[in-house]
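Presented below is the structure to which this report refers.
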Amino acid sequence: MFQSIRDTLPQSRILRGLLAVIVVSLLLAPFIFDGSRALDTAARLCIFIVLVASYDLLLGYTGVVSFAHTLFFGIGAYSVAIAFDHVAPGFGVLLVAVVVALGVSTVVAVTIGLVSLRVKAIFYAMITLAVASVATVLVSQLYLYTGGEDGMTYRIPRVLTPAFKLLDDKVLGVRINGKLLNYYLIFTVSTVLFLLMVRIVASPFGKVLKALRENDFRAEAIGYTTVYYRTAATVISACMATLAGVLMAIWLRYTGPDSVLSLNIMIDILLMVVIGGMGSLYGAIIGATLLVLARNYLNEAMGVAHNAFIDVPILAELFNPERWLLWLGVLFVVMVYFFPLGIVGRLVRGRADHG
Amino acid sequence: MTTQIQTLIKQLTKRGEPMADNSVSVQPLSHWHQNATVQSGLLLVAFAFIGFVLIPDPAAWMTLTIAGLAMGMMLFVMTSGFTLVFGLMDVLNFGHGAFISFGAFVGFSVMAMFPELIAAGSFWTHIGLFVLAMMGAAVVVGLLSWAFERLIIRHVYGNHLMQILITTGGMIVAEEMIYVLWGHEERAWLKPDSFQGSFQFGDFVFEKYRLLAVIMGVVLFILLRWVFTHTRLGLLIRAGVENREIVKSLGFNIEKLFILVFIAGSALAGMGGVMWGLYDEVITAHIGQNLMITVFIVAIIGGLGSIEGCFLAALMVGLLTNYVGFIFPKLALVSTLILMVAVLLWRPKGLVPVSKGDS
């Protein structure tokens, strides 16, 4: 298993270096960066890497654009939230919630897949967008169970909260408490899920998916049933997103439409996949990191530019720190246009293909 | 045989004159096509009837029906461009919603330029202003869409995946540009005095603006229908929707035709945005994104590329949303989704499918 994962590592040295830096910083995040905000960013990054990679499984490996990925993310998060809020925070409850969430996601994914995948890829994009928005409406309407627009805040098992002390002394200046445990739980589960996806992609099943992406007519002629493989990919991708949602619910101790369901998150995922590189799971790591860093630091750079152009009416507004999405949107369009395979695709293929 | 084709080509390539000859222009609607339109029309009437049976109070039913028709007309104005662009050039424009938002904001700015006319004007000055706002929105959005086509869509013809991605990116940028130009807050956009309030006939109450929206929608629909059935341009567009290759091979510049349709369709979206913004009385950069979902549903129900289907589907969705919103307020959006699934199961290509030759 490990050999096959190693084989999938990208060839480019720069890329391997970058990936190593990101993974090591995430591993040591509590000890390198101080402050709870940095830890929060690191945990979100771990979760988003899984989420983005699972989306790439769909977009990059089967060539299907789905706008309902946050729906599955939301199913995971809400089932944990509802279980912890209405029953009790505990690991047994968590297990039941995860199983239920995976079941619901599977049913929804199969249904969407069967209804729309056989029609045409474009229908899939439009129908998933409609389904996702209906789900958002439902969540805000069924506020008795979901907390509506406000979302829900709940308690999680005490072992995972800062109140739980593992050691009395600090280690390297860091308190060894439940929060740290929580972070490493998320880091470990994310790593396992990511490697699992890498393994799936490297398997014969993954090869069929690639074949479908390249030429579904030909793949069907060889004897692979398109609908079956596409639905299977949809289900795997949905389950991974669900698990990412579970992690998000555990980490945030809050679940609401804005944190797991909104279209903005969907757009973030899309940006991360395309900028990182479609069709390469490692692109998810690069894309997610870049976007999270951009969100935190592009603001500041734009603030400087904003102050420099403060007297020019429209220009100042263009560099308003709140408009960072504008520039990422431009970057997105440019990436799709010039480097459809994203940063990873660019680095791996490099000049060999284009020169 | 050859001479026949030559005369046909000669007839078709004679440019510039309006098609006075009705027999030529109505013919391309095939028997099945017309049948589907009639069926869907009957379905629409059945919808209104079921609503009448389920809603106990006739006055409430009347109000809801007018509201539904008004909403349907606005949806039609917004969706027609989207569905035509898809039908003609197989381009799926996810940025269409951004044009709706842009139109609303441009219309808002145009109206805001004449505060004294809004405050003191009569009904007809208000109508004039309203039309002016729609024209302004149409022109600005038309220009914008021309740039959009040149910069973004031109390079991704024939590749749906890229189209979806790149137009989504375009939508993000366009929406952010609205924030840059008009600021981040939502804007209240009150109707002029003479559009507010309602008429009353016995028990029936007719809200003025809804009637106005219905009239505007009908006028636009008749205008579009007329362009499609009575002008050479309309004939070419319909021919292009049915089979692009043949139109091309007959010597027409289909790219130019497409740009024209794209601009016109986007301008319609902008006009729809003005109508919707004034209906809701509040506009944000997100209205287009939110409406986009309904636009997709309408386009799919009607059959991508079909203008009659789009009209009927828009009215159907408008009526359904209002009836269901009255009986089960929470299920309005869900009901349109169910309608879409039901229609797709019955007719996988939508209510009034466009015959696409062999493709």
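Chain labels run A, B, ... following the order of the structure tokens; each chain numbers its residues from 1, and ligands are numbered from 1 in the order shown.
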Could you give me, as JSON lines, a per-residue list for chain A showing, wherever an atom lies at most 7 Å from an atom of chain B, the closest pair of atoms and their distance in Å to one decimal, using only C-alpha atoms and sorting by chain then residue number from low to high?
{"residue": "A:Val65", "atom": "CA", "partner": "B:Leu161", "partner_atom": "CA", "distance": 7.0}
{"residue": "A:Ile122", "atom": "CA", "partner": "B:His160", "partner_atom": "CA", "distance": 6.8}
{"residue": "A:Met126", "atom": "CA", "partner": "B:Phe296", "partner_atom": "CA", "distance": 6.3}
{"residue": "A:Leu129", "atom": "CA", "partner": "B:Ile293", "partner_atom": "CA", "distance": 6.8}
{"residue": "A:Ala130", "atom": "CA", "partner": "B:Ile293", "partner_atom": "CA", "distance": 5.6}
{"residue": "A:Val134", "atom": "CA", "partner": "B:Val334", "partner_atom": "CA", "distance": 6.0}
{"residue": "A:Gln141", "atom": "CA", "partner": "B:Lys330", "partner_atom": "CA", "distance": 6.5}
{"residue": "A:Glu317", "atom": "CA", "partner": "B:Val180", "partner_atom": "CA", "distance": 5.5}
{"residue": "A:Leu318", "atom": "CA", "partner": "B:Val180", "partner_atom": "CA", "distance": 6.0}
{"residue": "A:Arg323", "atom": "CA", "partner": "B:Glu176", "partner_atom": "CA", "distance": 6.8}
{"residue": "A:Leu326", "atom": "CA", "partner": "B:Val173", "partner_atom": "CA", "distance": 5.2}
{"residue": "A:Gly329", "atom": "CA", "partner": "B:Val173", "partner_atom": "CA", "distance": 5.3}
{"residue": "A:Val330", "atom": "CA", "partner": "B:Val173", "partner_atom": "CA", "distance": 6.4}
{"residue": "A:Phe332", "atom": "CA", "partner": "B:Gly169", "partner_atom": "CA", "distance": 6.1}
{"residue": "A:Val333", "atom": "CA", "partner": "B:Gly169", "partner_atom": "CA", "distance": 5.5}
{"residue": "A:Val336", "atom": "CA", "partner": "B:Ile166", "partner_atom": "CA", "distance": 6.4}
Contacts of Arg210 (chain B) at 7 Å (only C-alpha atoms; same-chain gap of 3+ positions) as an NGL selection string: :B and (66-67 or 70 or 207 or 213-214)
Just-selected residues, all heavy atoms written as a PDB file, in the first residue's frame:
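The new file selection_26.pdb reads:
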ATOM      1  N   ILE B  66     -52.146  36.495 -10.023  1.00  0.00           N
ATOM      2  CA  ILE B  66     -51.492  37.677 -10.602  1.00  0.00           C
ATOM      3  C   ILE B  66     -50.033  37.737 -10.161  1.00  0.00           C
ATOM      4  O   ILE B  66     -49.118  37.965 -10.964  1.00  0.00           O
ATOM      5  CB  ILE B  66     -52.226  38.966 -10.168  1.00  0.00           C
ATOM      6  CG1 ILE B  66     -53.644  38.975 -10.718  1.00  0.00           C
ATOM      7  CG2 ILE B  66     -51.458  40.189 -10.639  1.00  0.00           C
ATOM      8  CD1 ILE B  66     -53.744  39.283 -12.180  1.00  0.00           C
ATOM      9  N   ALA B  67     -49.803  37.476  -8.866  1.00  0.00           N
ATOM     10  CA  ALA B  67     -48.431  37.499  -8.367  1.00  0.00           C
ATOM     11  C   ALA B  67     -47.584  36.457  -9.088  1.00  0.00           C
ATOM     12  O   ALA B  67     -46.439  36.714  -9.480  1.00  0.00           O
ATOM     13  CB  ALA B  67     -48.411  37.248  -6.860  1.00  0.00           C
ATOM     14  N   ALA B  70     -46.876  37.576 -12.590  1.00  0.00           N
ATOM     15  CA  ALA B  70     -45.863  38.638 -12.588  1.00  0.00           C
ATOM     16  C   ALA B  70     -44.476  38.051 -12.389  1.00  0.00           C
ATOM     17  O   ALA B  70     -43.528  38.360 -13.122  1.00  0.00           O
ATOM     18  CB  ALA B  70     -46.171  39.645 -11.484  1.00  0.00           C
ATOM     19  N   GLU B 207     -52.519  44.351  -7.341  1.00  0.00           N
ATOM     20  CA  GLU B 207     -51.410  45.242  -7.042  1.00  0.00           C
ATOM     21  C   GLU B 207     -50.905  45.860  -8.334  1.00  0.00           C
ATOM     22  O   GLU B 207     -50.702  45.159  -9.327  1.00  0.00           O
ATOM     23  CB  GLU B 207     -50.296  44.458  -6.349  1.00  0.00           C
ATOM     24  CG  GLU B 207     -49.895  45.088  -5.037  1.00  0.00           C
ATOM     25  CD  GLU B 207     -48.858  44.243  -4.347  1.00  0.00           C
ATOM     26  OE1 GLU B 207     -47.693  44.354  -4.757  1.00  0.00           O
ATOM     27  OE2 GLU B 207     -49.200  43.477  -3.439  1.00  0.00           O
ATOM     28  N   ALA B 213     -45.795  44.532 -14.270  1.00  0.00           N
ATOM     29  CA  ALA B 213     -44.786  43.519 -14.612  1.00  0.00           C
ATOM     30  C   ALA B 213     -45.371  42.530 -15.613  1.00  0.00           C
ATOM     31  O   ALA B 213     -44.684  42.122 -16.564  1.00  0.00           O
ATOM     32  CB  ALA B 213     -44.322  42.798 -13.353  1.00  0.00           C
ATOM     33  N   VAL B 214     -46.652  42.152 -15.408  1.00  0.00           N
ATOM     34  CA  VAL B 214     -47.270  41.212 -16.345  1.00  0.00           C
ATOM     35  C   VAL B 214     -47.334  41.847 -17.738  1.00  0.00           C
ATOM     36  O   VAL B 214     -46.959  41.214 -18.732  1.00  0.00           O
ATOM     37  CB  VAL B 214     -48.689  40.822 -15.868  1.00  0.00           C
ATOM     38  CG1 VAL B 214     -49.396  40.011 -16.945  1.00  0.00           C
ATOM     39  CG2 VAL B 214     -48.612  40.027 -14.588  1.00  0.00           C
TER      40      VAL B 214
END
Region 2-225 of chain B: which residues are strand (DSSP E) by DSSP, as a list in words? Arg187, Ala188, Ser198, Phe199, Gln200, Phe201, Phe204, Val205, Phe206 and Glu207 of chain B
Export of the given selection (N, CA and C atoms) as a compact mmCIF listing (two decimals), in the first residue's frame:
# COMPACT_ATOMS: atom_id res chain seq x y z
N ARG B 187 -29.09 47.96 -1.09
CA ARG B 187 -29.73 49.24 -1.36
C ARG B 187 -31.24 49.08 -1.34
N ALA B 188 -31.89 50.00 -0.66
CA ALA B 188 -33.35 50.02 -0.72
C ALA B 188 -33.74 50.79 -1.98
N SER B 198 -52.80 49.51 -4.93
CA SER B 198 -53.50 48.52 -5.74
C SER B 198 -54.87 49.03 -6.17
N PHE B 199 -55.39 48.38 -7.21
CA PHE B 199 -56.78 48.61 -7.63
C PHE B 199 -57.67 47.62 -6.92
N GLN B 200 -58.95 47.96 -6.84
CA GLN B 200 -59.87 46.99 -6.25
C GLN B 200 -61.13 46.89 -7.11
N PHE B 201 -61.49 45.64 -7.45
CA PHE B 201 -62.75 45.39 -8.14
C PHE B 201 -63.53 44.42 -7.29
N PHE B 204 -61.74 41.50 -5.47
CA PHE B 204 -60.43 41.24 -6.05
C PHE B 204 -59.52 42.45 -5.92
N VAL B 205 -58.30 42.18 -5.45
CA VAL B 205 -57.31 43.25 -5.31
C VAL B 205 -56.19 43.01 -6.32
N PHE B 206 -55.87 44.04 -7.11
CA PHE B 206 -54.79 43.92 -8.08
C PHE B 206 -53.69 44.88 -7.70
N GLU B 207 -52.52 44.35 -7.34
CA GLU B 207 -51.41 45.24 -7.04
C GLU B 207 -50.90 45.86 -8.33
Where does DSSP see alpha helix (DSSP H) in region 58-149 of chain A, if you list the residues as a PyMOL selection string? chain A and resi 58-62+69-86+91-112+121-141+143-146
Which residues are near Met240 (chain A)? Cut-off 8 Å, only C-alpha atoms, ignore same chain within fewer than 2 positions. Put them as a PDB file with all heavy atoms, in the first residue's frame.
ATOM      1  N   VAL A  50      -8.934  17.741   2.993  1.00  0.00           N
ATOM      2  CA  VAL A  50      -9.744  16.542   2.734  1.00  0.00           C
ATOM      3  C   VAL A  50     -10.931  16.892   1.834  1.00  0.00           C
ATOM      4  O   VAL A  50     -11.223  16.215   0.855  1.00  0.00           O
ATOM      5  CB  VAL A  50     -10.245  15.926   4.052  1.00  0.00           C
ATOM      6  CG1 VAL A  50     -11.195  14.780   3.771  1.00  0.00           C
ATOM      7  CG2 VAL A  50      -9.085  15.465   4.880  1.00  0.00           C
ATOM      8  N   LEU A  51     -11.601  18.009   2.175  1.00  0.00           N
ATOM      9  CA  LEU A  51     -12.793  18.403   1.433  1.00  0.00           C
ATOM     10  C   LEU A  51     -12.449  18.677  -0.035  1.00  0.00           C
ATOM     11  O   LEU A  51     -13.139  18.218  -0.954  1.00  0.00           O
ATOM     12  CB  LEU A  51     -13.388  19.654   2.085  1.00  0.00           C
ATOM     13  CG  LEU A  51     -14.734  20.125   1.566  1.00  0.00           C
ATOM     14  CD1 LEU A  51     -15.775  19.069   1.808  1.00  0.00           C
ATOM     15  CD2 LEU A  51     -15.130  21.417   2.265  1.00  0.00           C
ATOM     16  N   SER A  54     -11.532  15.561  -1.915  1.00  0.00           N
ATOM     17  CA  SER A  54     -12.708  14.751  -2.257  1.00  0.00           C
ATOM     18  C   SER A  54     -13.459  15.374  -3.432  1.00  0.00           C
ATOM     19  O   SER A  54     -14.032  14.677  -4.261  1.00  0.00           O
ATOM     20  CB  SER A  54     -13.628  14.603  -1.050  1.00  0.00           C
ATOM     21  OG  SER A  54     -14.285  15.810  -0.769  1.00  0.00           O
ATOM     22  N   LEU A 193      -7.595   9.945   5.767  1.00  0.00           N
ATOM     23  CA  LEU A 193      -8.574  10.077   4.683  1.00  0.00           C
ATOM     24  C   LEU A 193      -7.886  10.464   3.384  1.00  0.00           C
ATOM     25  O   LEU A 193      -8.192   9.939   2.308  1.00  0.00           O
ATOM     26  CB  LEU A 193      -9.628  11.126   5.041  1.00  0.00           C
ATOM     27  CG  LEU A 193     -10.616  10.741   6.143  1.00  0.00           C
ATOM     28  CD1 LEU A 193     -11.563  11.889   6.412  1.00  0.00           C
ATOM     29  CD2 LEU A 193     -11.385   9.496   5.755  1.00  0.00           C
ATOM     30  N   ILE A 236     -18.214   7.941  -3.211  1.00  0.00           N
ATOM     31  CA  ILE A 236     -16.968   8.020  -2.438  1.00  0.00           C
ATOM     32  C   ILE A 236     -16.668   9.472  -2.085  1.00  0.00           C
ATOM     33  O   ILE A 236     -16.363   9.818  -0.942  1.00  0.00           O
ATOM     34  CB  ILE A 236     -15.799   7.417  -3.250  1.00  0.00           C
ATOM     35  CG1 ILE A 236     -16.028   5.919  -3.430  1.00  0.00           C
ATOM     36  CG2 ILE A 236     -14.482   7.672  -2.546  1.00  0.00           C
ATOM     37  CD1 ILE A 236     -15.045   5.275  -4.354  1.00  0.00           C
ATOM     38  N   SER A 237     -16.781  10.322  -3.092  1.00  0.00           N
ATOM     39  CA  SER A 237     -16.487  11.730  -2.870  1.00  0.00           C
ATOM     40  C   SER A 237     -17.432  12.321  -1.826  1.00  0.00           C
ATOM     41  O   SER A 237     -17.018  13.073  -0.934  1.00  0.00           O
ATOM     42  CB  SER A 237     -16.591  12.452  -4.212  1.00  0.00           C
ATOM     43  OG  SER A 237     -16.936  13.764  -4.041  1.00  0.00           O
ATOM     44  N   ALA A 238     -18.714  11.941  -1.900  1.00  0.00           N
ATOM     45  CA  ALA A 238     -19.691  12.462  -0.936  1.00  0.00           C
ATOM     46  C   ALA A 238     -19.364  11.990   0.471  1.00  0.00           C
ATOM     47  O   ALA A 238     -19.443  12.764   1.432  1.00  0.00           O
ATOM     48  CB  ALA A 238     -21.093  12.004  -1.331  1.00  0.00           C
ATOM     49  N   THR A 242     -18.502  14.169   3.739  1.00  0.00           N
ATOM     50  CA  THR A 242     -19.269  14.019   4.971  1.00  0.00           C
ATOM     51  C   THR A 242     -18.334  13.907   6.175  1.00  0.00           C
ATOM     52  O   THR A 242     -18.539  14.549   7.206  1.00  0.00           O
ATOM     53  CB  THR A 242     -20.143  12.758   4.889  1.00  0.00           C
ATOM     54  OG1 THR A 242     -20.868  12.793   3.665  1.00  0.00           O
ATOM     55  CG2 THR A 242     -21.100  12.690   6.038  1.00  0.00           C
ATOM     56  N   LEU A 243     -17.286  13.076   6.007  1.00  0.00           N
ATOM     57  CA  LEU A 243     -16.348  12.902   7.120  1.00  0.00           C
ATOM     58  C   LEU A 243     -15.641  14.224   7.427  1.00  0.00           C
ATOM     59  O   LEU A 243     -15.417  14.565   8.593  1.00  0.00           O
ATOM     60  CB  LEU A 243     -15.341  11.808   6.783  1.00  0.00           C
ATOM     61  CG  LEU A 243     -15.984  10.412   6.726  1.00  0.00           C
ATOM     62  CD1 LEU A 243     -14.987   9.381   6.248  1.00  0.00           C
ATOM     63  CD2 LEU A 243     -16.521  10.018   8.089  1.00  0.00           C
ATOM     64  N   ALA A 244     -15.322  14.990   6.378  1.00  0.00           N
ATOM     65  CA  ALA A 244     -14.712  16.303   6.604  1.00  0.00           C
ATOM     66  C   ALA A 244     -15.680  17.181   7.400  1.00  0.00           C
ATOM     67  O   ALA A 244     -15.263  17.919   8.304  1.00  0.00           O
ATOM     68  CB  ALA A 244     -14.371  16.964   5.271  1.00  0.00           C
TER      69      ALA A 244
END
Which residues of region 281-343 of chain B come within 12 Å of region 242-256 of chain B, and what is each one's closest atom pair and distance in Å (one decimal), counting only C-alpha atoms, sorted by chain and residue number, as CSV?
residue,atom,partner,partner_atom,distance
B:Leu304,CA,B:Glu242,CA,11.7
B:Gly305,CA,B:Glu242,CA,9.1
B:Ser306,CA,B:Glu242,CA,10.0
Do you know which residues are at most 8 Å from Ile287 (chain B) counting only C-alpha atoms, after dropping those on the same chain fewer than 5 positions away, and could you put them as a ChimeraX atom specification? /B:97,100-101
Counting only C-alpha atoms, what is within 7 Å of Leu58 (chain A), bar same-chain residues fewer than 4 positions away, as a PDB file with N, CA, C and O atoms, in the first residue's frame?
ATOM      1  N   SER A  54     -11.532  15.561  -1.915  1.00  0.00           N
ATOM      2  CA  SER A  54     -12.708  14.751  -2.257  1.00  0.00           C
ATOM      3  C   SER A  54     -13.459  15.374  -3.432  1.00  0.00           C
ATOM      4  O   SER A  54     -14.032  14.677  -4.261  1.00  0.00           O
ATOM      5  N   THR A  62     -13.390  12.604 -12.717  1.00  0.00           N
ATOM      6  CA  THR A  62     -14.503  12.147 -13.550  1.00  0.00           C
ATOM      7  C   THR A  62     -15.021  13.260 -14.450  1.00  0.00           C
ATOM      8  O   THR A  62     -15.909  13.029 -15.262  1.00  0.00           O
ATOM      9  N   GLY A  63     -14.484  14.478 -14.292  1.00  0.00           N
ATOM     10  CA  GLY A  63     -14.900  15.567 -15.170  1.00  0.00           C
ATOM     11  C   GLY A  63     -16.331  15.999 -14.967  1.00  0.00           C
ATOM     12  O   GLY A  63     -16.998  16.423 -15.890  1.00  0.00           O
ATOM     13  N   VAL A  64     -16.817  15.887 -13.731  1.00  0.00           N
ATOM     14  CA  VAL A  64     -18.193  16.285 -13.434  1.00  0.00           C
ATOM     15  C   VAL A  64     -18.150  17.477 -12.485  1.00  0.00           C
ATOM     16  O   VAL A  64     -17.460  17.427 -11.472  1.00  0.00           O
ATOM     17  N   ALA A 233     -17.990   6.983  -7.938  1.00  0.00           N
ATOM     18  CA  ALA A 233     -17.098   8.100  -7.628  1.00  0.00           C
ATOM     19  C   ALA A 233     -17.840   9.173  -6.843  1.00  0.00           C
ATOM     20  O   ALA A 233     -17.316   9.745  -5.879  1.00  0.00           O
ATOM     21  N   THR A 234     -19.082   9.446  -7.255  1.00  0.00           N
ATOM     22  CA  THR A 234     -19.884  10.439  -6.542  1.00  0.00           C
ATOM     23  C   THR A 234     -20.069  10.039  -5.090  1.00  0.00           C
ATOM     24  O   THR A 234     -19.943  10.860  -4.179  1.00  0.00           O
ATOM     25  N   SER A 237     -16.781  10.322  -3.092  1.00  0.00           N
ATOM     26  CA  SER A 237     -16.487  11.730  -2.870  1.00  0.00           C
ATOM     27  C   SER A 237     -17.432  12.321  -1.826  1.00  0.00           C
ATOM     28  O   SER A 237     -17.018  13.073  -0.934  1.00  0.00           O
TER      29      SER A 237
END
Neighbours of Leu351 (chain B) within 12 Å (only C-alpha atoms; same-chain residues fewer than 5 positions away dropped), as a PyMOL selection string? chain B and resi 32-44+297-314+316+339-346
